[in-house]
file coords-v3.cif (mmCIF, C-alpha atoms and all ligand atoms)
data_run
#
loop_
_atom_site.label_atom_id
_atom_site.label_comp_id
_atom_site.auth_asym_id
_atom_site.auth_seq_id
_atom_site.Cartn_x
_atom_site.Cartn_y
_atom_site.Cartn_z
CA MET A 227 -222.50 -152.77 97.47
CA LYS A 228 -219.35 -151.85 99.39
CA LEU A 229 -219.50 -149.50 102.36
CA ALA A 230 -216.53 -148.07 104.22
CA VAL A 231 -216.93 -146.34 107.57
CA VAL A 232 -214.13 -143.97 108.51
CA GLY A 233 -213.61 -141.20 111.05
CA LYS A 234 -211.86 -140.10 114.20
CA GLY A 235 -211.56 -142.35 117.22
CA GLY A 236 -214.75 -142.29 119.24
CA ALA A 237 -216.81 -140.89 116.36
CA GLY A 238 -219.06 -143.95 116.29
CA LYS A 239 -217.51 -146.00 113.44
CA THR A 240 -217.78 -149.36 115.16
CA THR A 241 -221.31 -148.80 116.41
CA THR A 242 -222.51 -147.48 113.05
CA SER A 243 -220.82 -150.31 111.15
CA SER A 244 -222.48 -152.91 113.36
CA VAL A 245 -225.94 -151.41 113.01
CA ILE A 246 -225.59 -151.20 109.22
CA ALA A 247 -224.24 -154.76 108.99
CA ARG A 248 -226.91 -156.31 111.22
CA THR A 249 -229.70 -154.34 109.51
CA LEU A 250 -228.64 -155.43 106.02
CA ALA A 251 -228.16 -159.02 107.14
CA ARG A 252 -231.59 -159.14 108.71
CA ALA A 253 -233.03 -157.80 105.45
CA GLY A 254 -231.63 -160.93 103.80
CA LEU A 255 -228.47 -159.56 102.20
CA PRO A 256 -225.21 -161.48 102.50
CA VAL A 257 -222.88 -159.33 104.61
CA VAL A 258 -219.12 -159.54 104.99
CA ALA A 259 -217.74 -157.18 107.64
CA LEU A 260 -214.03 -156.37 107.54
CA ASP A 261 -212.46 -154.76 110.58
CA CYS A 262 -209.27 -152.94 109.58
CA ASP A 263 -209.20 -150.60 112.57
CA SER A 264 -206.09 -150.40 114.73
CA ASN A 265 -208.50 -150.88 117.64
CA PRO A 266 -210.43 -153.84 116.22
CA ASN A 267 -213.53 -154.34 118.35
CA LEU A 268 -216.14 -154.76 115.61
CA GLY A 269 -216.59 -158.40 116.60
CA ILE A 270 -217.71 -157.42 120.08
CA SER A 271 -220.10 -154.81 118.71
CA LEU A 272 -221.52 -157.25 116.15
CA GLY A 273 -222.09 -159.86 118.83
CA VAL A 274 -219.43 -162.37 117.82
CA GLY A 275 -218.17 -162.48 121.41
CA ASP A 276 -214.95 -161.61 123.23
CA GLU A 277 -213.19 -164.91 122.68
CA GLU A 278 -213.88 -165.17 118.95
CA THR A 279 -212.99 -161.50 118.45
CA GLU A 280 -209.65 -162.12 120.17
CA ARG A 281 -209.05 -165.14 117.93
CA LEU A 282 -209.65 -163.04 114.79
CA ILE A 283 -207.37 -160.28 116.11
CA SER A 284 -204.59 -162.78 116.84
CA MET A 285 -204.76 -164.00 113.24
CA ARG A 286 -204.18 -160.47 111.97
CA GLN A 287 -201.26 -160.12 114.37
CA ALA A 288 -199.78 -163.32 112.97
CA LEU A 289 -200.14 -161.91 109.44
CA ASP A 290 -198.51 -158.63 110.43
CA GLU A 291 -195.63 -160.50 112.06
CA GLY A 292 -195.11 -162.61 108.96
CA GLN A 293 -196.14 -165.88 110.62
CA GLU A 294 -199.08 -166.29 108.24
CA GLU A 295 -199.47 -165.77 104.52
CA HIS A 296 -201.91 -163.22 103.16
CA ALA A 297 -204.90 -164.88 101.55
CA PRO A 298 -204.55 -164.99 97.75
CA SER A 299 -208.27 -164.59 97.11
CA TRP A 300 -211.42 -163.23 98.62
CA ASP A 301 -212.92 -166.67 99.31
CA THR A 302 -209.74 -167.85 101.00
CA LEU A 303 -209.61 -164.76 103.17
CA ILE A 304 -213.11 -165.35 104.51
CA ASN A 305 -212.72 -169.11 104.87
CA ARG A 306 -209.29 -168.98 106.50
CA TYR A 307 -209.50 -165.82 108.57
CA GLY A 308 -213.23 -165.21 108.89
CA SER A 309 -215.86 -166.13 111.39
CA GLU A 310 -219.64 -166.36 111.19
CA GLY A 311 -221.57 -164.17 113.59
CA PRO A 312 -225.18 -163.28 114.35
CA ASP A 313 -227.60 -162.94 111.41
CA GLY A 314 -225.11 -164.90 109.27
CA ILE A 315 -222.62 -162.02 109.04
CA LYS A 316 -219.11 -163.06 108.11
CA LEU A 317 -216.42 -161.12 109.92
CA ALA A 318 -212.67 -160.92 109.44
CA VAL A 319 -210.09 -158.70 111.11
CA VAL A 320 -207.94 -157.70 108.18
CA SER A 321 -204.54 -156.24 107.53
CA ARG A 322 -203.21 -154.40 104.54
CA ILE A 323 -200.93 -155.60 101.79
CA ASP A 324 -197.92 -153.31 101.55
CA ASN A 325 -196.80 -154.43 98.09
CA PRO A 326 -199.71 -156.05 96.28
CA GLU A 327 -198.92 -157.88 93.07
CA PRO A 328 -200.76 -156.64 89.98
CA GLY A 329 -204.33 -157.88 89.91
N1 LIG A 401 -225.15 -142.45 117.60
C1 LIG A 401 -224.61 -142.48 118.82
N2 LIG A 401 -225.16 -141.81 119.83
C2 LIG A 401 -224.61 -141.83 121.08
N3 LIG A 401 -223.50 -142.51 121.40
C3 LIG A 401 -222.92 -143.21 120.44
C4 LIG A 401 -223.42 -143.24 119.09
N4 LIG A 401 -222.59 -144.01 118.33
C5 LIG A 401 -221.64 -144.45 119.17
N5 LIG A 401 -221.83 -143.99 120.42
C6 LIG A 401 -220.97 -144.25 121.58
O1 LIG A 401 -219.75 -143.55 121.39
C7 LIG A 401 -218.64 -144.34 121.84
C8 LIG A 401 -217.67 -144.54 120.69
O2 LIG A 401 -218.33 -145.28 119.67
P1 LIG A 401 -217.53 -146.29 118.75
O3 LIG A 401 -218.53 -146.85 117.80
O4 LIG A 401 -216.74 -147.25 119.58
O5 LIG A 401 -216.55 -145.28 117.99
P2 LIG A 401 -215.27 -145.57 117.07
O6 LIG A 401 -215.39 -146.97 116.56
O7 LIG A 401 -215.34 -144.53 115.99
O8 LIG A 401 -214.07 -145.36 117.96
C9 LIG A 401 -219.23 -145.64 122.36
O9 LIG A 401 -219.36 -145.54 123.77
C10 LIG A 401 -220.59 -145.72 121.69
O10 LIG A 401 -221.51 -146.45 122.48
MG MG A 402 -214.07 -148.55 116.81
#
call {"tool": "encode", "arguments": {"input": "coords-v3.cif", "output": "structure tokens"}}
result
Amino acid sequence: MKLAVVGKGGAGKTTTSSVIARTLARAGLPVVALDCDSNPNLGISLGVGDEETERLISMRQALDEGQEEHAPSWDTLINRYGSEGPDGIKLAVVSRIDNPEPG
């Protein structure tokens, strides 16, 4: 199951995403949370902590500035740029790929 939460700033995206993620994780489902917001504070809302959230954000900045390579696969993305938070949730602050190769 893939869920995307979108909306205006202040609409409650981060709060809603966190509640959904924590609820599913506590029900025993494996949860990967991807924060692609320009104001990426999902880590704080999920309970990952300020310091770890900042670390994840700085990795996205490095990607956007071309100092890091985009992960070639899903597993690599989570292992290289992800973090494990409360209830076993994996979190990554992600960027977008402007010119993805086919596949
Ligand atoms: N269901 C809700 N009821 C009341 N306040 C809420 C609710 N969801 C979020 N908020 C509050 O609204 C503000 C914005 O929520 P946030 O999740 O950060 O929005 P977004 O991520 O869309 O910018 C926060 O102060 C949050 O605590
Ligand atoms: Mg938000």
call {"tool": "residues_around", "arguments": {"input": "coords-v3.cif", "residues": "Ala230 in chain A", "least_positions_apart": "5", "cutoff": "12 Å", "atoms": "all atoms listed in the file", "output": "list in words"}}
result
Lys239, Thr240, Thr242, Ser243, Ser244, Ile246, Ala247, Val258, Ala259, Leu260, Asp261, Cys262 and Asp263 of chain A
call {"tool": "residues_around", "arguments": {"input": "coords-v3.cif", "residues": "Leu282 in chain A", "least_positions_apart": "2", "cutoff": "10 Å", "atoms": "all atoms listed in the file", "output": "list in words"}}
result
Asp261, Pro266, Gly269, Glu277, Glu278, Thr279, Glu280, Ser284, Met285, Arg286, Gln287, Tyr307, Gly308, Ser309, Leu317, Ala318, Val319 and Val320 of chain A
call {"tool": "closest_residue", "arguments": {"input": "coords-v3.cif", "among": "A:Arg306, A:Asp324, A:Lys228, A:Ile270", "to": "ligand LIG 401 (chain A)", "atoms": "only C-alpha atoms and all ligand atoms"}}
result
A:Ile270
call {"tool": "residues_near_ligand", "arguments": {"input": "coords-v3.cif", "ligand": "ligand LIG 401 (chain A)", "cutoff": "8 Å", "atoms": "all atoms listed in the file", "output": "MDAnalysis selection string"}}
result
chainID A and resid 232:243 265 267:268
call {"tool": "write_last_selection", "arguments": {"input": "coords-v3.cif", "atoms": "C-alpha atoms", "output": "mmCIF file, in the frame of the given file"}}
result
data_model
loop_
_atom_site.group_PDB
_atom_site.id
_atom_site.type_symbol
_atom_site.label_atom_id
_atom_site.label_comp_id
_atom_site.auth_asym_id
_atom_site.auth_seq_id
_atom_site.Cartn_x
_atom_site.Cartn_y
_atom_site.Cartn_z
ATOM 1 C CA VAL A 232 -214.130 -143.970 108.510
ATOM 2 C CA GLY A 233 -213.610 -141.200 111.050
ATOM 3 C CA LYS A 234 -211.860 -140.100 114.200
ATOM 4 C CA GLY A 235 -211.560 -142.350 117.220
ATOM 5 C CA GLY A 236 -214.750 -142.290 119.240
ATOM 6 C CA ALA A 237 -216.810 -140.890 116.360
ATOM 7 C CA GLY A 238 -219.060 -143.950 116.290
ATOM 8 C CA LYS A 239 -217.510 -146.000 113.440
ATOM 9 C CA THR A 240 -217.780 -149.360 115.160
ATOM 10 C CA THR A 241 -221.310 -148.800 116.410
ATOM 11 C CA THR A 242 -222.510 -147.480 113.050
ATOM 12 C CA SER A 243 -220.820 -150.310 111.150
ATOM 13 C CA ASN A 265 -208.500 -150.880 117.640
ATOM 14 C CA ASN A 267 -213.530 -154.340 118.350
ATOM 15 C CA LEU A 268 -216.140 -154.760 115.610
#
call {"tool": "closest_residue", "arguments": {"input": "coords-v3.cif", "among": "A:Ala253, A:Glu295, A:Leu303, A:Pro312", "to": "Ser271 in chain A", "atoms": "only C-alpha atoms"}}
result
A:Pro312
call {"tool": "atom_distance", "arguments": {"input": "coords-v3.cif", "atom1": "CA of His296 in chain A", "atom2": "CA of Pro328 in chain A"}}
result
14.8 Å
call {"tool": "closest_residue", "arguments": {"input": "coords-v3.cif", "among": "A:Ile315, A:Ser264, A:Glu310, A:Arg281", "to": "ligand MG 402 (chain A)", "atoms": "all atoms listed in the file"}}
result
A:Ser264
call {"tool": "atom_distance", "arguments": {"input": "coords-v3.cif", "atom1": "CA of Val274 in chain A", "atom2": "CA of Gly311 in chain A"}}
result
5.1 Å
call {"tool": "atom_distance", "arguments": {"input": "coords-v3.cif", "atom1": "CA of Ala251 in chain A", "atom2": "CA of Asp276 in chain A"}}
result
21.0 Å
call {"tool": "closest_residue", "arguments": {"input": "coords-v3.cif", "among": "A:Arg322, A:Asp313, A:Val257, A:Leu229", "to": "Leu289 in chain A", "atoms": "all atoms listed in the file"}}
result
A:Arg322
call {"tool": "closest_residue", "arguments": {"input": "coords-v3.cif", "among": "A:Leu250, A:Leu255, A:Leu272, A:Ala297", "to": "ligand MG 402 (chain A)", "atoms": "only C-alpha atoms and all ligand atoms"}}
result
A:Leu272
call {"tool": "build_atoms", "arguments": {"input": "coords-v3.cif", "residues": "range 301-321 of chain A", "atoms": "N, CA, C and O atoms", "output": "PDB file, in the coordinates of the input"}}
result
ATOM      1  N   ASP A 301    -212.326-165.485  98.665  1.00  0.00           N
ATOM      2  CA  ASP A 301    -212.920-166.670  99.310  1.00  0.00           C
ATOM      3  C   ASP A 301    -211.988-167.229 100.381  1.00  0.00           C
ATOM      4  O   ASP A 301    -212.416-167.590 101.471  1.00  0.00           O
ATOM      5  N   THR A 302    -210.713-167.296 100.049  1.00  0.00           N
ATOM      6  CA  THR A 302    -209.740-167.850 101.000  1.00  0.00           C
ATOM      7  C   THR A 302    -209.660-166.974 102.245  1.00  0.00           C
ATOM      8  O   THR A 302    -209.578-167.478 103.366  1.00  0.00           O
ATOM      9  N   LEU A 303    -209.700-165.675 102.024  1.00  0.00           N
ATOM     10  CA  LEU A 303    -209.610-164.760 103.170  1.00  0.00           C
ATOM     11  C   LEU A 303    -210.742-165.039 104.159  1.00  0.00           C
ATOM     12  O   LEU A 303    -210.509-165.199 105.361  1.00  0.00           O
ATOM     13  N   ILE A 304    -211.962-165.136 103.629  1.00  0.00           N
ATOM     14  CA  ILE A 304    -213.110-165.350 104.510  1.00  0.00           C
ATOM     15  C   ILE A 304    -213.074-166.743 105.141  1.00  0.00           C
ATOM     16  O   ILE A 304    -213.327-166.914 106.330  1.00  0.00           O
ATOM     17  N   ASN A 305    -212.725-167.739 104.334  1.00  0.00           N
ATOM     18  CA  ASN A 305    -212.720-169.110 104.870  1.00  0.00           C
ATOM     19  C   ASN A 305    -211.615-169.322 105.894  1.00  0.00           C
ATOM     20  O   ASN A 305    -211.808-169.997 106.900  1.00  0.00           O
ATOM     21  N   ARG A 306    -210.443-168.731 105.626  1.00  0.00           N
ATOM     22  CA  ARG A 306    -209.290-168.980 106.500  1.00  0.00           C
ATOM     23  C   ARG A 306    -209.280-168.055 107.711  1.00  0.00           C
ATOM     24  O   ARG A 306    -208.937-168.464 108.813  1.00  0.00           O
ATOM     25  N   TYR A 307    -209.643-166.801 107.495  1.00  0.00           N
ATOM     26  CA  TYR A 307    -209.500-165.820 108.570  1.00  0.00           C
ATOM     27  C   TYR A 307    -210.828-165.257 109.069  1.00  0.00           C
ATOM     28  O   TYR A 307    -210.849-164.380 109.927  1.00  0.00           O
ATOM     29  N   GLY A 308    -211.931-165.761 108.521  1.00  0.00           N
ATOM     30  CA  GLY A 308    -213.230-165.210 108.890  1.00  0.00           C
ATOM     31  C   GLY A 308    -213.949-166.034 109.937  1.00  0.00           C
ATOM     32  O   GLY A 308    -213.516-167.107 110.340  1.00  0.00           O
ATOM     33  N   SER A 309    -215.048-165.489 110.365  1.00  0.00           N
ATOM     34  CA  SER A 309    -215.860-166.130 111.390  1.00  0.00           C
ATOM     35  C   SER A 309    -217.315-165.784 111.075  1.00  0.00           C
ATOM     36  O   SER A 309    -217.594-164.732 110.506  1.00  0.00           O
ATOM     37  N   GLU A 310    -218.235-166.688 111.441  1.00  0.00           N
ATOM     38  CA  GLU A 310    -219.640-166.360 111.190  1.00  0.00           C
ATOM     39  C   GLU A 310    -220.291-165.901 112.481  1.00  0.00           C
ATOM     40  O   GLU A 310    -220.184-166.558 113.517  1.00  0.00           O
ATOM     41  N   GLY A 311    -220.952-164.748 112.403  1.00  0.00           N
ATOM     42  CA  GLY A 311    -221.570-164.170 113.590  1.00  0.00           C
ATOM     43  C   GLY A 311    -223.082-164.134 113.482  1.00  0.00           C
ATOM     44  O   GLY A 311    -223.666-164.776 112.603  1.00  0.00           O
ATOM     45  N   PRO A 312    -223.729-163.383 114.348  1.00  0.00           N
ATOM     46  CA  PRO A 312    -225.180-163.280 114.350  1.00  0.00           C
ATOM     47  C   PRO A 312    -225.729-162.804 113.010  1.00  0.00           C
ATOM     48  O   PRO A 312    -225.069-162.039 112.301  1.00  0.00           O
ATOM     49  N   ASP A 313    -226.918-163.283 112.666  1.00  0.00           N
ATOM     50  CA  ASP A 313    -227.600-162.940 111.410  1.00  0.00           C
ATOM     51  C   ASP A 313    -226.806-163.408 110.190  1.00  0.00           C
ATOM     52  O   ASP A 313    -227.018-162.920 109.082  1.00  0.00           O
ATOM     53  N   GLY A 314    -225.867-164.346 110.394  1.00  0.00           N
ATOM     54  CA  GLY A 314    -225.110-164.900 109.270  1.00  0.00           C
ATOM     55  C   GLY A 314    -224.015-163.991 108.734  1.00  0.00           C
ATOM     56  O   GLY A 314    -223.450-164.235 107.670  1.00  0.00           O
ATOM     57  N   ILE A 315    -223.684-162.942 109.488  1.00  0.00           N
ATOM     58  CA  ILE A 315    -222.620-162.020 109.040  1.00  0.00           C
ATOM     59  C   ILE A 315    -221.275-162.712 109.119  1.00  0.00           C
ATOM     60  O   ILE A 315    -220.954-163.371 110.110  1.00  0.00           O
ATOM     61  N   LYS A 316    -220.485-162.556 108.068  1.00  0.00           N
ATOM     62  CA  LYS A 316    -219.110-163.060 108.110  1.00  0.00           C
ATOM     63  C   LYS A 316    -218.194-161.906 108.482  1.00  0.00           C
ATOM     64  O   LYS A 316    -218.292-160.821 107.920  1.00  0.00           O
ATOM     65  N   LEU A 317    -217.306-162.170 109.416  1.00  0.00           N
ATOM     66  CA  LEU A 317    -216.420-161.120 109.920  1.00  0.00           C
ATOM     67  C   LEU A 317    -214.978-161.570 109.822  1.00  0.00           C
ATOM     68  O   LEU A 317    -214.657-162.721 110.142  1.00  0.00           O
ATOM     69  N   ALA A 318    -214.105-160.669 109.381  1.00  0.00           N
ATOM     70  CA  ALA A 318    -212.670-160.920 109.440  1.00  0.00           C
ATOM     71  C   ALA A 318    -211.982-159.646 109.918  1.00  0.00           C
ATOM     72  O   ALA A 318    -212.415-158.540 109.610  1.00  0.00           O
ATOM     73  N   VAL A 319    -210.929-159.825 110.701  1.00  0.00           N
ATOM     74  CA  VAL A 319    -210.090-158.700 111.110  1.00  0.00           C
ATOM     75  C   VAL A 319    -208.920-158.692 110.136  1.00  0.00           C
ATOM     76  O   VAL A 319    -208.140-159.652 110.099  1.00  0.00           O
ATOM     77  N   VAL A 320    -208.851-157.661 109.322  1.00  0.00           N
ATOM     78  CA  VAL A 320    -207.940-157.700 108.180  1.00  0.00           C
ATOM     79  C   VAL A 320    -206.776-156.727 108.325  1.00  0.00           C
ATOM     80  O   VAL A 320    -206.841-155.734 109.044  1.00  0.00           O
ATOM     81  N   SER A 321    -205.735-157.058 107.570  1.00  0.00           N
ATOM     82  CA  SER A 321    -204.540-156.240 107.530  1.00  0.00           C
ATOM     83  C   SER A 321    -204.463-155.604 106.154  1.00  0.00           C
ATOM     84  O   SER A 321    -205.373-155.727 105.358  1.00  0.00           O
TER      85      SER A 321
END
